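The file input.pdb comes next; it holds PDB, C-alpha atoms.
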MODEL        1
ATOM      1  CA  MET O   1      24.520  -7.335   5.101
ATOM      2  CA  ALA O   2      21.041  -8.272   3.948
ATOM      3  CA  LYS O   3      18.082  -6.061   3.105
ATOM      4  CA  VAL O   4      14.617  -7.381   3.937
ATOM      5  CA  LYS O   5      11.453  -5.924   2.416
ATOM      6  CA  ILE O   6       8.302  -6.812   4.327
ATOM      7  CA  PHE O   7       4.733  -6.201   3.170
ATOM      8  CA  VAL O   8       1.968  -6.387   5.759
ATOM      9  CA  THR O   9      -1.587  -6.251   4.410
ATOM     10  CA  LEU O  10      -5.029  -6.882   5.792
ATOM     11  CA  LYS O  11      -6.421 -10.322   5.018
ATOM     12  CA  ASP O  12      -8.681 -10.300   1.967
ATOM     13  CA  ASP O  13     -11.878 -10.750   3.970
ATOM     14  CA  VAL O  14     -11.093  -7.931   6.432
ATOM     15  CA  LEU O  15     -12.643  -4.530   5.716
ATOM     16  CA  ASP O  16     -10.168  -1.716   4.989
ATOM     17  CA  PRO O  17     -11.773   1.629   5.894
ATOM     18  CA  GLN O  18      -8.574   3.554   5.133
ATOM     19  CA  GLY O  19      -8.478   2.069   1.641
ATOM     20  CA  LYS O  20     -12.178   2.839   1.159
ATOM     21  CA  THR O  21     -11.540   6.472   2.128
ATOM     22  CA  VAL O  22      -8.722   6.786  -0.397
ATOM     23  CA  LYS O  23     -10.925   5.165  -3.072
ATOM     24  CA  PHE O  24     -13.680   7.680  -2.276
ATOM     25  CA  ALA O  25     -11.220  10.592  -2.486
ATOM     26  CA  LEU O  26      -9.924   9.345  -5.849
ATOM     27  CA  ASP O  27     -13.502   9.135  -7.167
ATOM     28  CA  LYS O  28     -14.080  12.744  -6.109
ATOM     29  CA  MET O  29     -10.813  13.779  -7.792
ATOM     30  CA  GLY O  30     -12.057  12.299 -11.066
ATOM     31  CA  TYR O  31     -10.124   9.019 -11.197
ATOM     32  CA  ARG O  32     -13.130   6.885 -12.041
ATOM     33  CA  ASP O  33     -11.467   3.719 -13.301
ATOM     34  CA  ILE O  34      -9.982   2.817  -9.918
ATOM     35  CA  ASP O  35     -11.706  -0.323  -8.714
ATOM     36  CA  THR O  36     -10.303  -1.105  -5.257
ATOM     37  CA  VAL O  37      -7.683   0.389  -2.963
ATOM     38  CA  ARG O  38      -6.123  -1.489  -0.055
ATOM     39  CA  ILE O  39      -3.536  -0.044   2.270
ATOM     40  CA  GLY O  40      -0.858  -1.878   4.177
ATOM     41  CA  LYS O  41       2.540  -1.397   5.724
ATOM     42  CA  TYR O  42       5.901  -1.610   4.027
ATOM     43  CA  ILE O  43       8.899  -2.257   6.268
ATOM     44  CA  GLU O  44      12.551  -2.241   5.253
ATOM     45  CA  ILE O  45      15.021  -3.925   7.578
ATOM     46  CA  GLU O  46      18.790  -3.990   7.173
ATOM     47  CA  THR O  47      20.621  -6.683   9.069
ATOM     48  CA  ARG O  48      24.281  -7.007   9.950
ATOM     49  CA  GLY O  49      24.386 -10.743   9.264
ATOM     50  CA  SER O  50      23.967 -12.179   5.793
ATOM     51  CA  GLY O  51      20.809 -13.860   4.455
ATOM     52  CA  GLY O  52      19.998 -17.550   4.506
ATOM     53  CA  LYS O  53      17.602 -19.863   6.309
ATOM     54  CA  GLU O  54      18.426 -18.457   9.751
ATOM     55  CA  LEU O  55      17.428 -14.936   8.701
ATOM     56  CA  LYS O  56      14.239 -16.180   7.032
ATOM     57  CA  LYS O  57      13.224 -17.871  10.301
ATOM     58  CA  GLU O  58      14.048 -14.736  12.287
ATOM     59  CA  ILE O  59      12.001 -12.472  10.005
ATOM     60  CA  ASP O  60       9.038 -14.881  10.231
ATOM     61  CA  GLU O  61       9.260 -14.637  14.029
ATOM     62  CA  ILE O  62       9.545 -10.834  13.972
ATOM     63  CA  CYS O  63       6.499 -10.552  11.712
ATOM     64  CA  ASP O  64       4.432 -12.924  13.857
ATOM     65  CA  LYS O  65       5.408 -11.325  17.156
ATOM     66  CA  LEU O  66       5.658  -7.636  16.346
ATOM     67  CA  LEU O  67       4.986  -6.384  12.841
ATOM     68  CA  ALA O  68       1.756  -8.112  11.844
ATOM     69  CA  ASN O  69      -1.404  -8.946  13.744
ATOM     70  CA  PRO O  70      -1.998 -12.544  12.642
ATOM     71  CA  ASN O  71      -5.719 -12.276  13.417
ATOM     72  CA  ILE O  72      -6.392  -9.773  10.662
ATOM     73  CA  GLU O  73      -3.153  -9.308   8.740
ATOM     74  CA  LYS O  74      -0.959 -11.377   6.462
ATOM     75  CA  TYR O  75       2.598 -10.682   5.370
ATOM     76  CA  THR O  76       5.125 -11.518   2.732
ATOM     77  CA  PHE O  77       8.785 -10.602   2.545
ATOM     78  CA  SER O  78      11.779 -10.787   0.270
ATOM     79  CA  ILE O  79      15.443 -10.921   1.265
ATOM     80  CA  GLU O  80      18.024  -9.248  -0.973
TER      81      GLU O  80
ATOM     82  CA  MET Z   1      -7.674  -5.014 -15.300
ATOM     83  CA  ALA Z   2      -4.330  -3.917 -13.889
ATOM     84  CA  LYS Z   3      -2.933  -4.255 -10.393
ATOM     85  CA  VAL Z   4      -0.685  -1.473  -9.129
ATOM     86  CA  LYS Z   5       1.623  -1.890  -6.132
ATOM     87  CA  ILE Z   6       2.799   1.394  -4.642
ATOM     88  CA  PHE Z   7       5.510   1.811  -2.000
ATOM     89  CA  VAL Z   8       5.687   5.123  -0.159
ATOM     90  CA  THR Z   9       8.720   5.611   2.081
ATOM     91  CA  LEU Z  10      10.291   8.506   3.903
ATOM     92  CA  LYS Z  11      13.205  10.125   2.071
ATOM     93  CA  ASP Z  12      16.553   8.776   3.242
ATOM     94  CA  ASP Z  13      17.492  11.944   5.122
ATOM     95  CA  VAL Z  14      14.183  12.186   7.011
ATOM     96  CA  LEU Z  15      14.101  10.761  10.530
ATOM     97  CA  ASP Z  16      11.742   7.790  11.043
ATOM     98  CA  PRO Z  17      10.694   7.659  14.726
ATOM     99  CA  GLN Z  18       8.291   4.764  14.088
ATOM    100  CA  GLY Z  19      11.112   2.734  12.584
ATOM    101  CA  LYS Z  20      13.400   3.657  15.473
ATOM    102  CA  THR Z  21      10.764   2.443  17.944
ATOM    103  CA  VAL Z  22      10.457  -0.899  16.160
ATOM    104  CA  LYS Z  23      14.273  -1.211  16.071
ATOM    105  CA  PHE Z  24      14.371  -0.529  19.826
ATOM    106  CA  ALA Z  25      11.663  -3.143  20.476
ATOM    107  CA  LEU Z  26      13.530  -5.729  18.385
ATOM    108  CA  ASP Z  27      16.720  -5.027  20.387
ATOM    109  CA  LYS Z  28      14.784  -5.628  23.599
ATOM    110  CA  MET Z  29      13.351  -8.844  22.174
ATOM    111  CA  GLY Z  30      16.866 -10.119  21.539
ATOM    112  CA  TYR Z  31      17.194  -9.585  17.784
ATOM    113  CA  ARG Z  32      20.555  -7.879  17.999
ATOM    114  CA  ASP Z  33      21.735  -8.146  14.403
ATOM    115  CA  ILE Z  34      19.058  -5.806  13.057
ATOM    116  CA  ASP Z  35      20.784  -2.649  11.859
ATOM    117  CA  THR Z  36      18.067  -0.268  10.669
ATOM    118  CA  VAL Z  37      14.279  -0.371  10.363
ATOM    119  CA  ARG Z  38      12.305   2.030   8.206
ATOM    120  CA  ILE Z  39       8.550   1.968   7.881
ATOM    121  CA  GLY Z  40       6.471   3.090   4.954
ATOM    122  CA  LYS Z  41       3.126   2.535   3.305
ATOM    123  CA  TYR Z  42       2.171  -0.169   0.837
ATOM    124  CA  ILE Z  43      -0.853   0.520  -1.346
ATOM    125  CA  GLU Z  44      -2.513  -1.909  -3.758
ATOM    126  CA  ILE Z  45      -4.796  -0.446  -6.399
ATOM    127  CA  GLU Z  46      -6.877  -2.408  -8.885
ATOM    128  CA  THR Z  47      -8.041  -0.526 -11.942
ATOM    129  CA  ARG Z  48     -10.758  -1.336 -14.427
ATOM    130  CA  GLY Z  49      -8.716  -0.181 -17.416
ATOM    131  CA  SER Z  50      -5.603  -1.985 -18.587
ATOM    132  CA  GLY Z  51      -2.035  -0.844 -17.979
ATOM    133  CA  GLY Z  52       0.092   1.270 -20.274
ATOM    134  CA  LYS Z  53       1.495   4.775 -20.381
ATOM    135  CA  GLU Z  54      -1.822   6.414 -19.507
ATOM    136  CA  LEU Z  55      -2.097   4.421 -16.270
ATOM    137  CA  LYS Z  56       1.525   5.141 -15.359
ATOM    138  CA  LYS Z  57       0.846   8.875 -15.709
ATOM    139  CA  GLU Z  58      -2.344   8.584 -13.646
ATOM    140  CA  ILE Z  59      -0.600   6.704 -10.807
ATOM    141  CA  ASP Z  60       2.184   9.318 -10.749
ATOM    142  CA  GLU Z  61      -0.480  12.016 -10.370
ATOM    143  CA  ILE Z  62      -2.316  10.096  -7.639
ATOM    144  CA  CYS Z  63       0.921   9.601  -5.681
ATOM    145  CA  ASP Z  64       1.907  13.263  -5.993
ATOM    146  CA  LYS Z  65      -1.523  14.615  -5.099
ATOM    147  CA  LEU Z  66      -2.810  12.182  -2.499
ATOM    148  CA  LEU Z  67      -0.719   9.213  -1.429
ATOM    149  CA  ALA Z  68       2.723  10.675  -0.788
ATOM    150  CA  ASN Z  69       3.881  13.933   0.746
ATOM    151  CA  PRO Z  70       6.551  15.025  -1.746
ATOM    152  CA  ASN Z  71       8.294  17.144   0.901
ATOM    153  CA  ILE Z  72       9.350  14.183   2.993
ATOM    154  CA  GLU Z  73       8.324  11.039   1.116
ATOM    155  CA  LYS Z  74       9.312   9.263  -2.066
ATOM    156  CA  TYR Z  75       7.444   6.526  -3.887
ATOM    157  CA  THR Z  76       7.913   3.765  -6.389
ATOM    158  CA  PHE Z  77       5.310   1.549  -8.018
ATOM    159  CA  SER Z  78       4.966  -1.441 -10.272
ATOM    160  CA  ILE Z  79       2.075  -2.265 -12.603
ATOM    161  CA  GLU Z  80       1.122  -5.893 -13.190
TER     162      GLU Z  80
ENDMDL
END

File written out as structure tokens:
Amino acid sequence: MAKVKIFVTLKDDVLDPQGKTVKFALDKMGYRDIDTVRIGKYIEIETRGSGGKELKKEIDEICDKLLANPNIEKYTFSIE
Amino acid sequence: MAKVKIFVTLKDDVLDPQGKTVKFALDKMGYRDIDTVRIGKYIEIETRGSGGKELKKEIDEICDKLLANPNIEKYTFSIE
């Protein structure tokens, strides 16, 4: 059994209105030393098979096809 | 400057319909060795101050008050 942790974030040059809203709220709440906030998705997948190259390829496919929008998002993942 | 990575996930005993939907889609797409999928939020914060105990306390506060719903969500974070 392998556990995969996937992080999907907006590309650096894509505006993040949700992050901006949180930053604004934090300012209002008095947290003035926060510089930027960016919000993404965190996905945990447990697989029945074990890790290895095959799984890495499969997760890349899953991210490209379903979890991330390659036009505006990038992703990284780790397999444990 | 410190970079904080925050992971907000549903507590283990809380149902995750979004994760279930992704699991179902992956089944349909032919990825049959996926066991469970759970979806959470990933938040990156950059601060002007440096790290340390003070920042850790501040991030705990921010998570409790704004980023996570303590009734159904848990969070972890790392400071770099």

Checklist line | Closest of O:Ser78, O:Thr36, O:Thr9, O:Ser50 to Thr21 in chain O - atom-to-atom distances counting all atoms listed in the file | finding: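 When distances to Thr21 in chain O are compared using all atoms listed in the file, the smallest one comes from O:Thr36.
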
Next item on the list: Compute the chain Z side of the contact with chain O at 9 Å, counting all atoms listed in the file, and hand it back as a PyMOL selection string.
Entry: chain Z and resi 7-9+19+22-23+25-26+31-49+58+62+66-67

Note to self: For Val14 in chain O, find every residue with an atom within 10 Å (counting all atoms listed in the file), except residues of its own chain fewer than 4 positions away, and show them as a list in words.
What the structure shows: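 The contact residues come out as Thr9, Leu10, Asn71, Ile72 and Glu73 of chain O.
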
Notebook entry, point to check: In Å to one decimal, how far is CA of Gly52 in chain O from CA of Lys28 in chain Z?
Noted result: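 Pair CA of Lys28 in chain Z / CA of Gly52 in chain O returns 23.1 Å.
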
Notebook entry, point to check: Interatomic distance between CA of Ala68 in chain O and CA of Pro70 in chain Z?
Noted result: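 About the pair CA of Ala68 in chain O and CA of Pro70 in chain Z: they are 27.3 Å apart.
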
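Counting from CA of Lys56 in chain Z, the distance to CA of Lys11 in chain O is 26.8 Å.
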
Check: Pick from O:Glu61, O:Asp13, O:Gly51, O:Ile79: nearest to Gly30 in chain Z, with only C-alpha atoms counted?
Finding: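 That would be O:Glu61, the residue with the smallest distance to Gly30 in chain Z.
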
Take range 49-75 of chain Z, model N, CA and C atoms, and hand the result over as a PDB file, keeping the file's coordinate frame.
ATOM      1  N   GLY Z  49      -9.411  -0.242 -16.130  1.00  0.00           N
ATOM      2  CA  GLY Z  49      -8.716  -0.181 -17.416  1.00  0.00           C
ATOM      3  C   GLY Z  49      -7.494  -1.089 -17.402  1.00  0.00           C
ATOM      4  N   SER Z  50      -6.838  -1.212 -18.542  1.00  0.00           N
ATOM      5  CA  SER Z  50      -5.603  -1.985 -18.587  1.00  0.00           C
ATOM      6  C   SER Z  50      -4.421  -1.068 -18.316  1.00  0.00           C
ATOM      7  N   GLY Z  51      -3.231  -1.615 -18.301  1.00  0.00           N
ATOM      8  CA  GLY Z  51      -2.035  -0.844 -17.979  1.00  0.00           C
ATOM      9  C   GLY Z  51      -1.642   0.119 -19.081  1.00  0.00           C
ATOM     10  N   GLY Z  52      -0.380   0.400 -19.206  1.00  0.00           N
ATOM     11  CA  GLY Z  52       0.092   1.270 -20.274  1.00  0.00           C
ATOM     12  C   GLY Z  52       0.522   2.630 -19.771  1.00  0.00           C
ATOM     13  N   LYS Z  53       0.947   3.453 -20.714  1.00  0.00           N
ATOM     14  CA  LYS Z  53       1.495   4.775 -20.381  1.00  0.00           C
ATOM     15  C   LYS Z  53       0.493   5.649 -19.635  1.00  0.00           C
ATOM     16  N   GLU Z  54      -0.762   5.586 -20.091  1.00  0.00           N
ATOM     17  CA  GLU Z  54      -1.822   6.414 -19.507  1.00  0.00           C
ATOM     18  C   GLU Z  54      -1.959   6.122 -18.020  1.00  0.00           C
ATOM     19  N   LEU Z  55      -1.959   4.832 -17.671  1.00  0.00           N
ATOM     20  CA  LEU Z  55      -2.097   4.421 -16.270  1.00  0.00           C
ATOM     21  C   LEU Z  55      -0.885   4.881 -15.465  1.00  0.00           C
ATOM     22  N   LYS Z  56       0.294   4.732 -16.041  1.00  0.00           N
ATOM     23  CA  LYS Z  56       1.525   5.141 -15.359  1.00  0.00           C
ATOM     24  C   LYS Z  56       1.439   6.633 -14.979  1.00  0.00           C
ATOM     25  N   LYS Z  57       0.978   7.429 -15.943  1.00  0.00           N
ATOM     26  CA  LYS Z  57       0.846   8.875 -15.709  1.00  0.00           C
ATOM     27  C   LYS Z  57      -0.169   9.132 -14.575  1.00  0.00           C
ATOM     28  N   GLU Z  58      -1.282   8.406 -14.636  1.00  0.00           N
ATOM     29  CA  GLU Z  58      -2.344   8.584 -13.646  1.00  0.00           C
ATOM     30  C   GLU Z  58      -1.844   8.229 -12.241  1.00  0.00           C
ATOM     31  N   ILE Z  59      -1.105   7.130 -12.127  1.00  0.00           N
ATOM     32  CA  ILE Z  59      -0.600   6.704 -10.807  1.00  0.00           C
ATOM     33  C   ILE Z  59       0.414   7.726 -10.279  1.00  0.00           C
ATOM     34  N   ASP Z  60       1.253   8.257 -11.166  1.00  0.00           N
ATOM     35  CA  ASP Z  60       2.184   9.318 -10.749  1.00  0.00           C
ATOM     36  C   ASP Z  60       1.418  10.501 -10.162  1.00  0.00           C
ATOM     37  N   GLU Z  61       0.363  10.905 -10.852  1.00  0.00           N
ATOM     38  CA  GLU Z  61      -0.480  12.016 -10.370  1.00  0.00           C
ATOM     39  C   GLU Z  61      -1.081  11.708  -9.004  1.00  0.00           C
ATOM     40  N   ILE Z  62      -1.658  10.499  -8.883  1.00  0.00           N
ATOM     41  CA  ILE Z  62      -2.316  10.096  -7.639  1.00  0.00           C
ATOM     42  C   ILE Z  62      -1.325  10.101  -6.481  1.00  0.00           C
ATOM     43  N   CYS Z  63      -0.105   9.620  -6.735  1.00  0.00           N
ATOM     44  CA  CYS Z  63       0.921   9.601  -5.681  1.00  0.00           C
ATOM     45  C   CYS Z  63       1.284  11.029  -5.290  1.00  0.00           C
ATOM     46  N   ASP Z  64       1.492  11.887  -6.279  1.00  0.00           N
ATOM     47  CA  ASP Z  64       1.907  13.263  -5.993  1.00  0.00           C
ATOM     48  C   ASP Z  64       0.820  14.030  -5.252  1.00  0.00           C
ATOM     49  N   LYS Z  65      -0.431  13.804  -5.654  1.00  0.00           N
ATOM     50  CA  LYS Z  65      -1.523  14.615  -5.099  1.00  0.00           C
ATOM     51  C   LYS Z  65      -2.077  14.072  -3.792  1.00  0.00           C
ATOM     52  N   LEU Z  66      -2.065  12.752  -3.627  1.00  0.00           N
ATOM     53  CA  LEU Z  66      -2.810  12.182  -2.499  1.00  0.00           C
ATOM     54  C   LEU Z  66      -2.002  11.229  -1.613  1.00  0.00           C
ATOM     55  N   LEU Z  67      -1.270  10.315  -2.232  1.00  0.00           N
ATOM     56  CA  LEU Z  67      -0.719   9.213  -1.429  1.00  0.00           C
ATOM     57  C   LEU Z  67       0.599   9.538  -0.747  1.00  0.00           C
ATOM     58  N   ALA Z  68       1.419  10.365  -1.379  1.00  0.00           N
ATOM     59  CA  ALA Z  68       2.723  10.675  -0.788  1.00  0.00           C
ATOM     60  C   ALA Z  68       2.837  12.176  -0.538  1.00  0.00           C
ATOM     61  N   ASN Z  69       3.555  12.534   0.488  1.00  0.00           N
ATOM     62  CA  ASN Z  69       3.881  13.933   0.746  1.00  0.00           C
ATOM     63  C   ASN Z  69       5.253  14.197   0.131  1.00  0.00           C
ATOM     64  N   PRO Z  70       5.284  14.893  -1.017  1.00  0.00           N
ATOM     65  CA  PRO Z  70       6.551  15.025  -1.746  1.00  0.00           C
ATOM     66  C   PRO Z  70       7.641  15.763  -0.967  1.00  0.00           C
ATOM     67  N   ASN Z  71       7.282  16.464   0.088  1.00  0.00           N
ATOM     68  CA  ASN Z  71       8.294  17.144   0.901  1.00  0.00           C
ATOM     69  C   ASN Z  71       9.175  16.150   1.654  1.00  0.00           C
ATOM     70  N   ILE Z  72       8.570  15.091   2.153  1.00  0.00           N
ATOM     71  CA  ILE Z  72       9.350  14.183   2.993  1.00  0.00           C
ATOM     72  C   ILE Z  72       9.302  12.725   2.522  1.00  0.00           C
ATOM     73  N   GLU Z  73       8.457  12.434   1.537  1.00  0.00           N
ATOM     74  CA  GLU Z  73       8.324  11.039   1.116  1.00  0.00           C
ATOM     75  C   GLU Z  73       8.669  10.855  -0.359  1.00  0.00           C
ATOM     76  N   LYS Z  74       9.106   9.650  -0.670  1.00  0.00           N
ATOM     77  CA  LYS Z  74       9.312   9.263  -2.066  1.00  0.00           C
ATOM     78  C   LYS Z  74       8.469   8.018  -2.336  1.00  0.00           C
ATOM     79  N   TYR Z  75       8.249   7.709  -3.591  1.00  0.00           N
ATOM     80  CA  TYR Z  75       7.444   6.526  -3.887  1.00  0.00           C
ATOM     81  C   TYR Z  75       7.972   5.806  -5.116  1.00  0.00           C
TER      82      TYR Z  75
END
